[in-house]
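Working notes, beginning with the structure itself.
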Amino acid sequence: MDDRLNHPDRLFPADPRSRQIARELYASIRDLPIVSPHGHCDPRWFAGDAGFRDPAALLVQPDHYVLRMLVSQGVPLESLVSIPEAETGDVRQRRIWRLFAERYHLFLGTPTRMWLDHGFEHLFGLTEPPGASNADSVFDRISDMLRRPSFRPRALFDQFRVEFLATTEDALDPLSEHSAIAGSGWPGRVVTTYRPDSVTDPDHEGFIRNLEILSGITGCDVSSWDGYLEAHRRRREVFRKHGAVATDHGTPLPVTADLSDSECHSLWERVRTGRADDRDAEWFRGQMLTEMARMSVEDGMTMQIHPGSWRNHSRDVMARFGRDMGFDIPQRADFVGGLQPLLNAVGHEPGLRIIVFTLDEATLGRELAPLAGAYPALFLGPAWWFFDSPDGMRRFREMTTETAGFWNTAGFNDDARSLASIPARHDMARRVDCAFLAERVADHRLSEIDAHAIARTLTVELPKRAYGLE
Amino acid sequence: MDDRLNHPDRLFPADPRSRQIARELYASIRDLPIVSPHGHCDPRWFAGDAGFRDPAALLVQPDHYVLRMLVSQGVPLESLVSIPEAETGDVRQRRIWRLFAERYHLFLGTPTRMWLDHGFEHLFGLTEPPGASNADSVFDRISDMLRRPSFRPRALFDQFRVEFLATTEDALDPLSEHSAIAGSGWPGRVVTTYRPDSVTDPDHEGFIRNLEILSGITGCDVSSWDGYLEAHRRRREVFRKHGAVATDHGTPLPVTADLSDSECHSLWERVRTGRADDRDAEWFRGQMLTEMARMSVEDGMTMQIHPGSWRNHSRDVMARFGRDMGFDIPQRADFVGGLQPLLNAVGHEPGLRIIVFTLDEATLGRELAPLAGAYPALFLGPAWWFFDSPDGMRRFREMTTETAGFWNTAGFNDDARSLASIPARHDMARRVDCAFLAERVADHRLSEIDAHAIARTLTVELPKRAYGLE
Amino acid sequence: MDDRLNHPDRLFPADPRSRQIARELYASIRDLPIVSPHGHCDPRWFAGDAGFRDPAALLVQPDHYVLRMLVSQGVPLESLVSIPEAETGDVRQRRIWRLFAERYHLFLGTPTRMWLDHGFEHLFGLTEPPGASNADSVFDRISDMLRRPSFRPRALFDQFRVEFLATTEDALDPLSEHSAIAGSGWPGRVVTTYRPDSVTDPDHEGFIRNLEILSGITGCDVSSWDGYLEAHRRRREVFRKHGAVATDHGTPLPVTADLSDSECHSLWERVRTGRADDRDAEWFRGQMLTEMARMSVEDGMTMQIHPGSWRNHSRDVMARFGRDMGFDIPQRADFVGGLQPLLNAVGHEPGLRIIVFTLDEATLGRELAPLAGAYPALFLGPAWWFFDSPDGMRRFREMTTETAGFWNTAGFNDDARSLASIPARHDMARRVDCAFLAERVADHRLSEIDAHAIARTLTVELPKRAYGLE
């Protein structure tokens, strides 16, 4: 039994012939460059190129997958993120690392564990996983390595062979980090993405204040509906000048609207003056998705819609620790009714690309594959968040391919918040796709030649096409 | 690597022993005659027995699966179905065929591709798929073959060994094509099915006018509720005289009702005079399902309910091209509450057979298998439409068998609109069932003897029982 | 072909290497004792230790899975449960057994069949299944064996190596059977579980009368909200004195509430006086779930929530035969919104254990695994009822493990109403877990060492931890 941290055949089918096919498919795409058009890396990493500090700061504290699992098994969140005065930074970080290492078995069977194991071996040269007995020595080893130049962000970016990386910034962000990257002479292609939720969602904390800022930085009179839309156009243009090829939109549910011009004016009047009720807020978010799609027809930016998460489900965690602490929970979604206004408005526009993601797997076969397999503007984003996992990706292909084929999908997104996890995530996606294809070669639904072509298409061509990178 | 168009082992499990079991199961049922109790073949084909014209007219233009995929990837629908004056028919048909052939890779991984490949090899003797380089020669070859007598509809019917084929006609159809078939002396058994949606759905375009026609052809005074029901009884009798063994009902959602007699009278008064609101229309459709079930108790016709499709989702496509152009999208359904009125009215009636289909796979394990595994009148129709596919059929069995067993299912329906695809579809269903059974023999959930008996039961006995053909 | 009734490799993967891994995993846990913390055995069996009468009384009549399948295929329910005067008991029981035996093929592919086959071979020594030809001899053989002392309930309990068994009793139950067991000197550990639905659900038949009984047996003035809660506290204490470690709650939907104290008082006033409307009833059931959770924080009892069944879907069957006759049907559920009030109230309480079950598999990956993988108080109950089956258990692991891992699950519950089925059910669960683990060893997602540790954890440690039995 070969119990390496990362077996070379991991995630391949057990049947020997299918496994051999998967190996060959994987060998042909393993070393292709990484295209990462959607994620949440911090552009400061690449602007400043400072090193990471220690393994707890790198791998535990910023990762809501890790935090939520530890919390679910009784580790208080305050022991992982708060800063007790009695502790110095080093003592605290080592203590947090130990809390994690002693509970590393909790992650068995999860993609988080596989991403971490990938980095432990390939980045840090570990031969066995962290645990109670080696927590300190692993902490020291990784901390040491993180001080080396070869572990700085730009060096890792190159080592990982990233060809294109998009971060995500708020519509109001000054984009100074991206300016710094562009002005630094470093050739890595790191661009921004236009995320306007803070000025399109009336329920966003600070919405009214954000409108003032939007007005200030664009010079548009956002008190009128037309001025407000124009402000978006100008911000989109600024983002495009910083390399952006896409916009990104998070909404609680996939609801869109296509109201008349007079309805838009009166709705905007209520929204901008803080008089929108819940129904107004939902209509407004929905109308803005359609407006953003219309602007994408004008300016060519790819539009990404990420709906279906009930954010900050635990009020206590939100109140004490804020957003993104692992308490965002998927909820049931209706894309068929919800997207109809938008699709009727622009679903047949030549050249428009709208990529939709879901957290409700029941909608994959029932709603999204049938929609993407008909409307030319619609593409399926990859398995997302909780489903960015071996079984989740396999179900994604099983639920969508027979109706929408491969070409109505958008390739892989890593959605990473951690630089270290990017190669692991792309590697996992490539392996799962190869396993899926190998099984269909083995039962003669695909020829080997076709499977090889599809593997390459999924890895490189579809993401480039979906984000206009060709 | 054997890269034949249709490998003899396709769709069988990869594990060698499981595959061998599947082969043996399949060999025992492969050549059984085809029973096709639900589909949309045109009876004119068998009445007139005229040949098909060319491969675009045979395989592309009438197939909404093909149209939707090409449209989803940017081919304008008007280039596939409209008739520019500048083109003669031949030029146009060849151009359409080329549009399709150049994009045949888009269908990789879909059942459409497998159905087409089956016909290309077994009907037309192709050894490689159509593509950009051979589009014209394939067009010519198939066009030539279609002119031969052996490619006329009746010859194909015989060649395919179809034992029973039901088409579907509107309640107002004069059934003259079926009369012509019956009077022609040709022994093929092609019968009609009673589809009354145009006179049971108040939202159907032309509903009020259709009621006048219904009154005219039955001699019933449909201005009274009782007269309207009597008109249905008489039309059902006419259909039965043309061989019909079943009725078929499409509704947006699986909603049924069982109103009091006085409620029915007043509802009918609103409906027949065009004063029904949306809620009335839904109640009426639901009440009519229950009335149709009661008539099935009287006359023995099998009742089929096909709910859950949001028809004509793209208003633009509907306005420019009409129905059935690939823009019908499944939606979430509730069978547990929706069917309760009907099941409480007639669910325990001895001899009654109601077959229910779903486009919401989440309902298979949660709702339909538990209902069909309890109510004696209820049977599960096979995986339908987007799920009439290898993975869809497998999920159907995985989600229903453990709760409802095999005997509460109705066997396979091909639902075909294309005569050429019928053998391919039945072959796919037989292979997938054999693979499912073989896996359960391999892990000792079923004995081989039982699996052989079940394979035959699924292929012949269950469809015959479900449609009263024994 | 080895067509034994129960093959030693049943439910293991077909791939030879995966199967070998599964065999080794299973061998290491096969003989571990049975921990059965949730089920519906009758405590009278162990109090009185009387033998069972005949195979129809043991295996057919009390099993709603068996009844529903026979009814679904046309056997009238009255022929299985009613007592025609013209028949003596023996004639009737033999006739019922024959009805079952002649239709035993209907159960092929269902877990019911596997549970029965397990008992037929391992308890009764059959070498072939019952059928039309051997129905009488099997009836005689099993009837004879049931008269032996070794087939009495306590002897079976010991033979099955049950270490802990919980039954479920109504909150008003005098628990005299459990007193008798405790006083008998028999060392078997059989305890009760607190099930208060009859005094927490305003829609329960007899609810108002039940409140009077509750008041009488606790001495609490339940006309006040505080007195009513105190009565629950006292009954919980009585149940704990009879060994109870858990409470159990069935609600139509997973709806909880956390109302203010004044809202609770006025709601209770309406509820206890029979003036609650449907909305009040739902709020009240939801509020009581939160109150029960708060009491679990106080007294340490594990809380079980079993929502999502539409009870007694057939009004005719309910009217003629009563509850639990196979006509309870799952329905769609929303745990994300529904559990939020409860989880916000107590979801972070240290030491609290709430186990949630679902009949809506779509919620496993979308809702329950994300919730249990974040809230420390929440654990996932195993695949339940219709999904207590090989494919159901596999889907449970596939849909939950990647998000919640193994340690946020509660191990297996047999939920058995039949003593004879307990070892078969635990054996099935152990086999399916080993198959799941073996597949993940074979594709290198888990090491063999980790898989062995997890197999033991799932079988013994997690159920003991979930129910506080450590």
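We name chains A, B, ... following the order of the structure tokens; residues begin at 1 in each chain, and ligands are numbered from 1 as shown.
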Discussion item. Quick check for you: according to DSSP on this backbone, which residues of segment 230-463 of chain A are classed as alpha helix (DSSP H)? Reply as a count of residues only.
Written reply: 117
Worksheet entry | chain B contacts on chain C, only C-alpha atoms, 7 Å, as a ChimeraX atom specification | /C:3,7,9-15,68-69,71-74,106-111,314-315,326-327,329-331,359-360,362,386,389,391
Discussion item. Can you pull out every residue from segment 34-197 of chain C that DSSP, working from the backbone, puts in strand (DSSP E), and format the result as an NGL selection string?
Written reply: :C and (34-36 or 162-166 or 169-170 or 190-191 or 194-195)
Discussion item. Can you measure atom CA of Arg189 of chain C to atom CA of Asp42 of chain C for me? One decimal in Å is fine.
Written reply: 13.9 Å
Worksheet entry | Near-Leu380 of chain A list (7 Å; only C-alpha atoms; drop same-chain fewer than 5 positions) as number ranges by chain | A: 355-357, 372, 408-410
